[in-house]
Each structure stands twice: as structure tokens, then as C-alpha cells.
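Structure below is model_33.csv: CSV, C-alpha atoms.
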chain,number,residue,atom,x,y,z
A,251,MET,CA,-14.3,-10.4,35.8
A,252,SER,CA,-15.3,-9.4,39.2
A,253,ASP,CA,-15.3,-5.6,39.6
A,254,GLN,CA,-12.8,-5.7,42.4
A,255,SER,CA,-10.6,-8.6,41.5
A,256,ALA,CA,-7.9,-7.0,39.3
A,257,THR,CA,-6.2,-3.7,38.7
A,258,LEU,CA,-5.7,-2.5,35.2
A,259,PRO,CA,-3.2,-0.1,33.6
A,260,LEU,CA,-4.3,3.5,33.8
A,261,GLU,CA,-4.1,3.9,30.0
A,262,HIS,CA,-6.5,0.9,29.5
A,263,PHE,CA,-8.8,2.5,32.0
A,264,ILE,CA,-8.7,5.8,30.2
A,265,GLN,CA,-9.3,4.0,26.9
A,266,ALA,CA,-12.4,2.3,28.4
A,267,VAL,CA,-13.8,5.6,29.6
A,268,GLN,CA,-13.1,7.2,26.1
A,269,SER,CA,-14.8,4.3,24.4
A,270,GLN,CA,-17.9,4.9,26.5
A,271,LEU,CA,-17.9,8.6,25.8
A,272,ASP,CA,-17.6,7.9,22.0
A,273,LYS,CA,-20.5,5.5,22.2
A,274,ALA,CA,-22.6,8.0,24.1
A,275,GLN,CA,-21.8,10.7,21.5
A,276,ALA,CA,-22.5,8.4,18.6
A,277,ALA,CA,-25.9,7.3,20.1
A,278,MET,CA,-27.0,10.9,20.6
A,279,ALA,CA,-26.0,11.9,17.1
A,280,MET,CA,-27.8,8.8,15.7
A,281,LYS,CA,-30.9,9.7,17.6
A,282,ALA,CA,-30.8,13.3,16.3
A,283,ARG,CA,-30.5,12.1,12.7
A,284,ASN,CA,-33.3,9.5,13.0
A,285,LEU,CA,-35.7,12.0,14.6
A,286,ASN,CA,-34.5,14.7,12.1
A,287,LEU,CA,-33.5,17.1,14.9
A,288,PRO,CA,-31.6,20.1,13.7
A,289,LEU,CA,-29.6,20.3,17.0
A,290,THR,CA,-28.5,17.8,19.6
A,291,PHE,CA,-26.5,17.9,22.7
A,292,ALA,CA,-22.9,16.8,22.6
A,293,ILE,CA,-20.7,16.0,25.6
A,294,LYS,CA,-18.2,18.9,25.9
A,295,ASP,CA,-16.5,18.2,29.2
A,296,ILE,CA,-16.7,15.3,31.7
A,297,THR,CA,-15.1,15.2,35.1
A,298,LEU,CA,-14.9,12.0,37.2
A,299,ASP,CA,-13.9,12.0,40.8
A,300,LEU,CA,-13.3,8.3,41.2
A,301,ARG,CA,-12.8,6.5,44.4
A,302,ALA,CA,-10.1,4.1,43.4
A,303,HIS,CA,-6.8,2.4,44.5
A,304,VAL,CA,-3.9,3.6,42.5
A,305,GLU,CA,-0.8,1.5,42.4
A,306,PHE,CA,2.6,1.9,40.7
A,307,ALA,CA,4.1,-1.3,39.6
A,308,ARG,CA,6.8,-2.1,37.0
A,309,ASN,CA,6.8,1.5,35.8
A,310,GLU,CA,3.1,1.4,35.2
A,311,ILE,CA,0.3,3.2,36.9
A,312,ARG,CA,-2.5,0.7,37.7
A,313,ILE,CA,-5.9,1.6,38.9
A,314,ARG,CA,-8.7,-0.4,40.6
A,315,PRO,CA,-12.1,1.1,41.4
A,316,ALA,CA,-12.8,1.0,45.1
A,317,GLY,CA,-15.2,-1.6,46.5
A,318,PRO,CA,-17.8,-1.2,49.2
A,319,ALA,CA,-15.4,-2.0,52.0
A,320,ASP,CA,-12.6,0.1,50.8
A,321,THR,CA,-12.7,3.0,53.2
A,322,GLN,CA,-9.1,4.1,52.5
A,323,ALA,CA,-9.4,4.5,48.7
A,324,SER,CA,-7.8,7.5,46.9
A,325,MET,CA,-9.8,10.1,45.1
A,326,PHE,CA,-8.8,10.1,41.4
A,327,HIS,CA,-9.7,13.3,39.6
A,328,LEU,CA,-10.0,12.8,35.8
A,329,VAL,CA,-11.1,15.5,33.4
A,330,PHE,CA,-12.0,14.7,29.8
A,331,THR,CA,-12.8,17.4,27.2
A,332,ALA,CA,-13.9,17.1,23.6
A,333,ILE,CA,-11.2,18.0,21.1
A,334,THR,CA,-11.4,18.3,17.3
A,335,ARG,CA,-9.9,15.9,14.8
A,336,PRO,CA,-7.0,18.3,13.9
A,337,MET,CA,-6.1,18.5,17.6
A,338,ILE,CA,-6.1,14.7,17.8
A,339,GLU,CA,-3.8,14.4,14.7
A,340,GLU,CA,-1.5,17.1,16.0
A,341,ASN,CA,-1.1,15.3,19.3
A,342,ALA,CA,-0.7,11.9,17.8
A,343,THR,CA,2.3,12.7,15.5
A,344,THR,CA,4.7,11.4,18.1
A,345,LEU,CA,3.1,8.0,17.8
A,346,SER,CA,3.1,7.9,14.0
A,347,ASP,CA,6.3,5.8,13.7
A,348,ASP,CA,7.4,4.4,10.5
A,349,PRO,CA,5.3,1.2,10.2
A,350,GLU,CA,8.4,-0.7,9.1
A,351,ALA,CA,10.5,0.5,12.0
A,352,ARG,CA,11.6,-2.2,14.4
A,353,GLN,CA,9.8,-1.7,17.7
A,354,ILE,CA,11.9,-1.7,20.9
A,355,ASP,CA,10.0,-4.8,21.9
A,356,GLU,CA,11.9,-6.7,19.3
A,357,LEU,CA,15.1,-6.3,21.3
A,358,LYS,CA,14.3,-9.5,23.1
A,359,ASP,CA,17.7,-10.6,24.1
A,360,ASP,CA,19.6,-10.9,27.4
A,361,SER,CA,20.7,-7.3,27.3
A,362,LEU,CA,17.3,-5.7,28.0
A,363,THR,CA,14.6,-7.0,30.3
A,364,GLU,CA,10.9,-6.3,29.7
A,365,GLU,CA,11.1,-3.6,32.4
A,366,ASN,CA,14.1,-2.0,30.7
A,367,ARG,CA,12.2,-1.8,27.4
A,368,ARG,CA,9.2,-0.3,29.2
A,369,GLN,CA,11.6,2.3,30.7
A,370,LEU,CA,12.8,3.2,27.2
A,371,GLU,CA,9.3,3.5,25.9
A,372,TRP,CA,8.5,5.7,28.8
A,373,ILE,CA,11.0,8.3,27.6
A,374,GLY,CA,9.8,8.1,24.0
A,375,VAL,CA,12.3,5.6,22.7
A,376,ARG,CA,9.8,3.2,21.0
A,377,THR,CA,11.8,2.0,18.1
A,378,VAL,CA,15.3,0.6,17.6
A,379,ASP,CA,16.0,3.4,15.1
A,380,LYS,CA,15.2,6.0,17.7
A,381,LEU,CA,17.6,4.3,20.1
A,382,GLN,CA,20.3,4.3,17.4
A,383,GLU,CA,19.6,7.9,16.6
A,384,MET,CA,20.1,8.9,20.2
A,385,ASP,CA,23.3,6.9,20.3
A,386,SER,CA,24.7,8.7,17.3
A,387,LYS,CA,24.1,12.0,19.1
A,388,GLY,CA,25.8,10.7,22.2
A,389,GLY,CA,22.6,10.4,24.1
A,390,VAL,CA,23.1,6.9,25.6
A,391,GLY,CA,24.6,8.3,28.8
A,392,ALA,CA,21.6,10.6,29.2
A,393,ILE,CA,19.2,7.7,28.7
A,394,GLY,CA,21.0,5.8,31.3
A,395,ARG,CA,20.7,8.7,33.8
A,396,VAL,CA,17.0,9.3,33.2
A,397,THR,CA,15.9,5.6,33.2
A,398,GLY,CA,18.5,4.2,35.6
A,399,LEU,CA,19.5,1.6,32.9
A,400,PRO,CA,23.2,0.6,33.0
A,401,VAL,CA,25.0,2.2,30.1
A,402,ASP,CA,26.9,-1.0,29.4
A,403,ARG,CA,23.6,-2.8,29.0
A,404,LEU,CA,22.3,-0.2,26.6
A,405,ARG,CA,25.5,-0.4,24.5
A,406,GLN,CA,25.2,-4.1,24.4
A,407,ALA,CA,21.6,-3.8,23.2
A,408,LEU,CA,22.7,-1.2,20.6
A,409,ALA,CA,25.5,-3.5,19.4
A,410,ARG,CA,23.0,-6.3,18.8
A,411,ALA,CA,20.5,-3.9,17.3
A,412,SER,CA,23.1,-2.6,14.8
A,413,ALA,CA,23.9,-6.0,13.5
A,414,PRO,CA,22.5,-6.8,10.1
A,415,ALA,CA,19.2,-8.7,10.1
A,416,LEU,CA,17.6,-10.3,7.0
A,417,GLU,CA,13.8,-10.5,6.6
A,418,HIS,CA,13.2,-12.0,3.1
A,419,VAL,CA,14.5,-12.5,-0.4
A,420,THR,CA,12.3,-12.0,-3.4
A,421,PRO,CA,13.0,-12.1,-7.2
A,422,VAL,CA,12.7,-8.8,-9.0
A,423,GLU,CA,10.1,-8.9,-11.7
A,424,PRO,CA,11.7,-8.6,-15.2
A,425,GLU,CA,11.1,-5.3,-16.9
A,426,ILE,CA,9.8,-6.9,-20.1
A,427,SER,CA,6.7,-9.2,-19.7
A,428,GLY,CA,7.9,-12.8,-20.2
A,429,GLY,CA,11.5,-11.8,-19.7
A,430,LYS,CA,14.0,-13.6,-17.5
A,431,HIS,CA,14.4,-12.9,-13.8
A,432,GLN,CA,17.9,-11.4,-13.2
A,433,PHE,CA,18.0,-9.9,-9.8
A,434,LEU,CA,17.1,-10.6,-6.2
A,435,ARG,CA,15.8,-8.1,-3.7
A,436,VAL,CA,16.8,-8.6,-0.1
A,437,ARG,CA,14.9,-6.8,2.7
A,438,GLY,CA,16.2,-6.4,6.2
A,439,HIS,CA,17.7,-3.9,8.6
A,440,ASN,CA,21.2,-2.5,9.0
A,441,LEU,CA,22.2,-3.9,5.6
A,442,MET,CA,24.7,-1.1,5.2
A,443,GLY,CA,27.5,-0.9,7.7
A,444,ALA,CA,28.7,2.2,9.5
A,445,PRO,CA,30.0,5.1,7.4
A,446,GLY,CA,33.5,4.1,6.1
A,447,GLN,CA,32.8,0.4,6.1
A,448,GLY,CA,31.9,0.4,2.4
A,449,SER,CA,29.3,-1.8,0.8
A,450,PRO,CA,28.2,-5.0,2.6
A,451,ARG,CA,29.8,-8.3,1.9
A,452,VAL,CA,27.2,-10.7,0.5
A,453,MET,CA,28.0,-14.4,0.2
A,454,MET,CA,26.1,-17.5,-1.0
A,455,GLY,CA,27.9,-20.3,0.7
A,456,ASN,CA,31.5,-19.6,0.0
A,457,THR,CA,31.1,-17.5,-3.1
A,458,PRO,CA,30.4,-13.8,-3.2
A,459,VAL,CA,27.3,-12.3,-4.8
A,460,ALA,CA,27.4,-9.2,-6.9
A,461,VAL,CA,25.7,-6.3,-5.2
A,462,ILE,CA,24.0,-3.8,-7.6
A,463,LYS,CA,22.5,-1.4,-5.1
A,464,ALA,CA,22.6,-1.3,-1.3
A,465,SER,CA,20.8,0.7,1.3
A,466,ALA,CA,20.1,0.1,5.0
A,467,ARG,CA,16.8,-1.7,4.3
A,468,GLU,CA,17.4,-3.2,0.9
A,469,LEU,CA,20.0,-4.9,-1.3
A,470,LEU,CA,19.7,-5.5,-5.0
A,471,LEU,CA,21.7,-8.6,-6.0
A,472,ALA,CA,22.7,-10.0,-9.4
A,473,PRO,CA,23.2,-13.7,-8.5
A,474,GLN,CA,24.8,-16.2,-10.8
A,475,ALA,CA,22.6,-19.1,-12.1
A,476,HIS,CA,23.6,-21.4,-9.2
A,477,GLN,CA,23.0,-18.7,-6.6
A,478,TRP,CA,19.2,-18.7,-6.6
A,479,ALA,CA,19.0,-21.1,-3.7
A,480,GLY,CA,21.1,-21.7,-0.6
A,481,GLU,CA,22.2,-19.8,2.5
A,482,LEU,CA,22.7,-16.1,2.0
A,483,SER,CA,24.9,-14.2,4.4
A,484,VAL,CA,25.4,-10.4,4.8
A,485,SER,CA,28.1,-8.9,6.9
A,486,HIS,CA,30.0,-5.6,7.1
A,487,GLY,CA,33.5,-5.2,8.5
A,488,GLU,CA,34.4,-7.6,11.2
A,489,GLY,CA,30.9,-7.6,12.7
A,490,THR,CA,28.4,-10.4,13.0
A,491,ALA,CA,26.9,-11.8,9.8
A,492,ALA,CA,23.2,-12.4,9.3
A,493,SER,CA,22.2,-15.4,7.3
A,494,LEU,CA,19.0,-16.6,5.7
A,495,ALA,CA,18.2,-19.8,3.8
A,496,PHE,CA,16.0,-19.5,0.7
A,497,ASP,CA,15.1,-21.3,-2.5
A,498,LEU,CA,14.1,-19.3,-5.5
A,499,SER,CA,15.5,-21.7,-8.1
A,500,PRO,CA,12.1,-21.8,-10.0
A,501,PHE,CA,12.8,-18.2,-10.9
A,502,ALA,CA,16.4,-18.7,-11.9
A,503,PRO,CA,17.2,-17.9,-15.5
A,504,PRO,CA,18.3,-21.0,-17.6
A,505,ALA,CA,22.0,-21.7,-17.2
A,506,PRO,CA,24.0,-20.6,-20.3
A,507,PRO,CA,25.0,-23.6,-22.6
A,508,GLN,CA,28.4,-25.1,-21.7
A,509,GLU,CA,31.2,-24.7,-24.2
A,510,THR,CA,32.1,-28.0,-25.9
A,511,GLY,CA,35.8,-27.8,-26.8
A,512,GLY,CA,36.9,-25.8,-29.9
A,513,ALA,CA,35.4,-25.4,-33.3
A,514,PRO,CA,36.4,-28.0,-35.9
B,1147,MET,CA,-23.8,-10.4,38.7
B,1148,ASN,CA,-23.2,-6.8,37.9
B,1149,THR,CA,-26.3,-5.0,36.9
B,1150,ARG,CA,-24.8,-1.5,36.5
B,1151,ARG,CA,-25.1,0.2,33.2
B,1152,ALA,CA,-22.1,1.2,31.1
B,1153,LEU,CA,-21.2,4.9,31.3
B,1154,SER,CA,-22.5,5.5,27.7
B,1155,ASP,CA,-26.0,4.1,28.6
B,1156,THR,CA,-26.1,6.2,31.7
B,1157,LEU,CA,-25.2,9.4,29.9
B,1158,VAL,CA,-27.7,8.8,27.1
B,1159,ASP,CA,-30.5,7.9,29.6
B,1160,VAL,CA,-29.8,10.9,31.8
B,1161,VAL,CA,-29.8,13.4,28.9
B,1162,ASP,CA,-33.0,11.8,27.5
B,1163,GLY,CA,-34.6,12.0,30.9
B,1164,ILE,CA,-34.0,15.7,31.3
B,1165,GLY,CA,-36.5,16.3,28.5
B,1166,ILE,CA,-34.8,19.1,26.6
B,1167,ALA,CA,-37.1,19.3,23.7
B,1168,PRO,CA,-37.1,22.9,22.4
B,1169,GLY,CA,-40.2,24.9,23.4
B,1170,PRO,CA,-41.4,28.3,22.2
B,1171,GLY,CA,-39.2,31.2,23.3
B,1172,LEU,CA,-37.0,29.0,25.4
B,1173,ARG,CA,-34.0,26.9,24.5
B,1174,ALA,CA,-31.4,25.2,26.6
B,1175,THR,CA,-28.0,25.6,25.1
B,1176,SER,CA,-26.0,23.7,27.6
B,1177,ILE,CA,-26.6,21.4,30.6
B,1178,GLU,CA,-24.2,20.7,33.4
B,1179,LEU,CA,-25.0,18.0,35.9
B,1180,THR,CA,-23.1,16.6,38.8
B,1181,LEU,CA,-24.2,13.1,39.8
B,1182,PRO,CA,-23.2,10.4,42.2
B,1183,VAL,CA,-22.2,7.2,40.4
B,1184,GLU,CA,-21.2,3.8,41.4
B,1185,ILE,CA,-18.3,2.7,39.2
B,1186,SER,CA,-16.7,-0.6,38.3
B,1187,MET,CA,-15.0,-2.3,35.4
B,1188,GLU,CA,-16.3,-5.4,33.7
B,1189,GLU,CA,-14.9,-7.6,30.9
B,1190,GLN,CA,-17.4,-7.9,28.1
B,1191,ALA,CA,-16.5,-9.7,24.9
B,1192,GLY,CA,-12.8,-9.5,25.6
B,1193,GLU,CA,-12.7,-5.8,26.4
B,1194,GLN,CA,-12.8,-3.8,29.6
B,1195,VAL,CA,-16.0,-1.8,29.9
B,1196,PHE,CA,-16.3,1.1,32.3
B,1197,LEU,CA,-19.6,0.8,34.2
B,1198,ALA,CA,-20.9,3.9,35.9
B,1199,ASP,CA,-24.5,4.0,37.1
B,1200,LEU,CA,-26.5,6.0,39.5
B,1201,PRO,CA,-26.7,4.6,43.1
B,1202,ARG,CA,-29.4,1.9,43.3
B,1203,PHE,CA,-30.4,2.7,46.9
B,1204,ILE,CA,-31.0,5.9,48.9
B,1205,TYR,CA,-30.1,4.2,52.2
B,1206,ARG,CA,-26.6,2.7,51.9
B,1207,THR,CA,-25.3,-0.4,53.6
B,1208,ALA,CA,-21.8,-1.7,54.1
B,1209,PHE,CA,-22.3,-3.7,50.9
B,1210,ASP,CA,-22.9,-0.7,48.7
B,1211,HIS,CA,-20.1,1.1,46.9
B,1212,VAL,CA,-19.3,4.6,48.2
B,1213,PRO,CA,-20.3,6.7,45.1
B,1214,SER,CA,-17.8,8.6,43.0
B,1215,THR,CA,-18.8,11.8,41.3
B,1216,LEU,CA,-19.5,12.5,37.7
B,1217,THR,CA,-19.8,16.0,36.3
B,1218,VAL,CA,-20.8,16.3,32.7
B,1219,LEU,CA,-21.3,19.3,30.5
B,1220,TRP,CA,-23.5,18.9,27.4
B,1221,GLN,CA,-23.5,21.6,24.8
B,1222,GLU,CA,-25.8,22.2,21.9
B,1223,GLY,CA,-24.5,21.4,18.5
B,1224,GLU,CA,-25.4,20.1,15.1
B,1225,PRO,CA,-25.5,16.4,14.8
B,1226,THR,CA,-22.4,15.0,13.0
As a first step, turn the structure in this file into C-alpha cells.
Amino acid sequence: MSDQSATLPLEHFIQAVQSQLDKAQAAMAMKARNLNLPLTFAIKDITLDLRAHVEFARNEIRIRPAGPADTQASMFHLVFTAITRPMIEENATTLSDDPEARQIDELKDDSLTEENRRQLEWIGVRTVDKLQEMDSKGGVGAIGRVTGLPVDRLRQALARASAPALEHVTPVEPEISGGKHQFLRVRGHNLMGAPGQGSPRVMMGNTPVAVIKASARELLLAPQAHQWAGELSVSHGEGTAASLAFDLSPFAPPAPPQETGGAP
Amino acid sequence: MNTRRALSDTLVDVVDGIGIAPGPGLRATSIELTLPVEISMEEQAGEQVFLADLPRFIYRTAFDHVPSTLTVLWQEGEPT
């Protein structure tokens, strides 16, 4: 890449500088260890006065180091200071989202554009759960005011985000080794409806499936012998149903023997 | 072709060049330097690398970068 050809997001630039500081620190520590020095010098503070062009595009600050002919470049003052590991962890807690949480990026539908999603991330709404949590507290209007997003569009995205979604179906291992599989575990999102809607309605084709246990992320089903393959659908109330086709028939317990008339 | 060094190489070379080996009765506990640096970004092995090197020439031409400023404070500590 030419050094003047492209701008890059400020956070990428800062990461590039941090990476260089880490490398310098590691190199000096390694040298001290190899030479068996009791003390070394560590970088404590670093200040950069950069001549650079700063642009603001699509809610993102982008930076480009000034070239030789750039006489009108801005002066960008950056100060880095060494912090301890506990300080890093303390400041990183806001980013430690639930790894299974759906990221706001997953709301790839007509209701939210990429710029809209970036605006939500900018105010700290990085996951769908966070957006739903703010909605439950009546915060959608405030999000709309802060980000400039139309409230109708946010509500449309929330309605889609609240619909059930299925990820996968797996057989539950029998409790006794060599025993028969009896249950299916379904993983997904929004598998429980809103409070008051009761348990979800689970169907295999046109026949209902018994639900042993239900939570927002998981369902435990007790299917009949013929319900170990097909199209599973989950719905609650009058809302949209999510469906998923699967085939776990190799795990199905053997069908019970059919009755043959009466005893002689 | 970009012949500038990465910031990490510049920092290590500068602190090495100062020659801060402890002598009898005298010990440096911190060093602060303010240096002019020419900066640029370069993609190496798929990642952006921040290059920051001392100006290559004393007399500047229209083809040379106007230097930015780097101030760095090193402090004595035990190697980790």
C-alpha cells in the first residue's frame, strides 16, 4: 500500500500504534532477559503530534498521514500511557458481551442499513439483546433521538429481532450408557414468547411435539418415533414461526411393536 | 519503496543508541526524548504497520515529509 493512497479508521490506526509499542516493549524485555540485566527501560508515556488528514465519513473517524505536498494537514495529538492488566480488564468489561449473544450486525434486513447499525454500535448497542433490553425500558425513543434513526425503523427491526430463530437440533444423550435416545434439544433465540404468551407451539409438519422444558435459548422436546426427521416449526402467539429441517432418524428409538388384533 | 522503520524498531534502536548501561555512582532512572519523525502506514502481511522513523535528510526538499513529533518517556523497571 502506498503511504498516501488510503485513509484508515482511527481505531485501526491506534491499534497499529499499540501493536508497535507492544513489540518495542517485548523486544526490550527480551534483551534484558537474554543479557541477564536486573533492570530495563519500559515505555511509560508516548506522545505523537502527527501531521495527518482527519476525515469523518459514515460515522467513522478516518485518518491519513500527511504526505510531503500536504501543507494544510491537521495536527493530531495522541497520548498513550502504559496501564496495568487490571486497568485493561476494568475498562474492557463493556466489550465482554455474551459470546452467544446475537450481534447487531446480524440484523441484516431491510429495516436497518449498515450505517444504522454503526450508529447503534456507537451508542453501545452492540447486541440484539441490548436493543431488546432498551426497548423493554422504553428506550427506543431515546435511541431514535440520539442516533437520528427513525423510531418506526427501530421498531420494525425489533419486531424482526423478537421473532423466534432456530439454530440447530441435537439428540440428547441417554442417561444410561447404551440406552435409547428419547429427547431432542433445540437451540435458538426467542424460543419463549413474551410474558403471558405461554409456552411455545412446536410442530413437526402438522403434528404437535411435546415440550418438556422451554427457555429463550433452548427447548427440550420429547418427539414421537416418527418425529425424528422433518421440518420443525416454533411459534408463539400469532407471531411469525421459525422453521428448520433436520434428520436425526438414526438416533430415533425403535418404534413400539404394533398390536395385532386381540388375544385368542 | 518505503524504507522507513516501524515505530517499534525506531524506539528500540533509539534507546539502545543512548547507551544507558549503569555506571558506578550514576544511574539513569528515566529518559524523555522528543524527536522529529516521518510517519506513514504500510500494509505488511495483511496488517497495517505504523512506520515512524527519524528524518533521513537534514536539508528538506519538497519531496520529503514534514516531520511529526514523537515524545517518549522511558522509565526504569524490572524486565517482565
Checklist line | Nearest to chain B by atom-to-atom distance, counting only C-alpha atoms, from A:Ile296, A:Asp272, A:His262, A:Gln477 | finding: A:Ile296
Next item on the list: One decimal, Å: what's the distance from atom CA of Arg376 of chain A over to atom CA of Glu356 of chain A, could you say?
Entry: 10.3 Å
Margin query: Residues of chain A within 9 Å of chain B, counting only C-alpha atoms - could you list those as a PyMOL selection string?
Written below: chain A and resi 251-254+262-263+265-267+269-280+282-283+287-302+314-321+325
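The spacing separating atom CA of Leu441 of chain A from atom CA of Pro414 of chain A amounts to 5.4 Å.
Relative to atom CA of Val459 of chain A, atom CA of Pro473 of chain A is found at 5.7 Å.
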Margin query: I'd like the neighbourhood of segment 481-487 of chain A as a ChimeraX atom specification, where a residue qualifies if any of its atoms comes within 7 Å (using all atoms listed in the file), though same-chain residues fewer than 4 positions away should be ignored.
Written below: /A:414,443,447,450-455,491-496
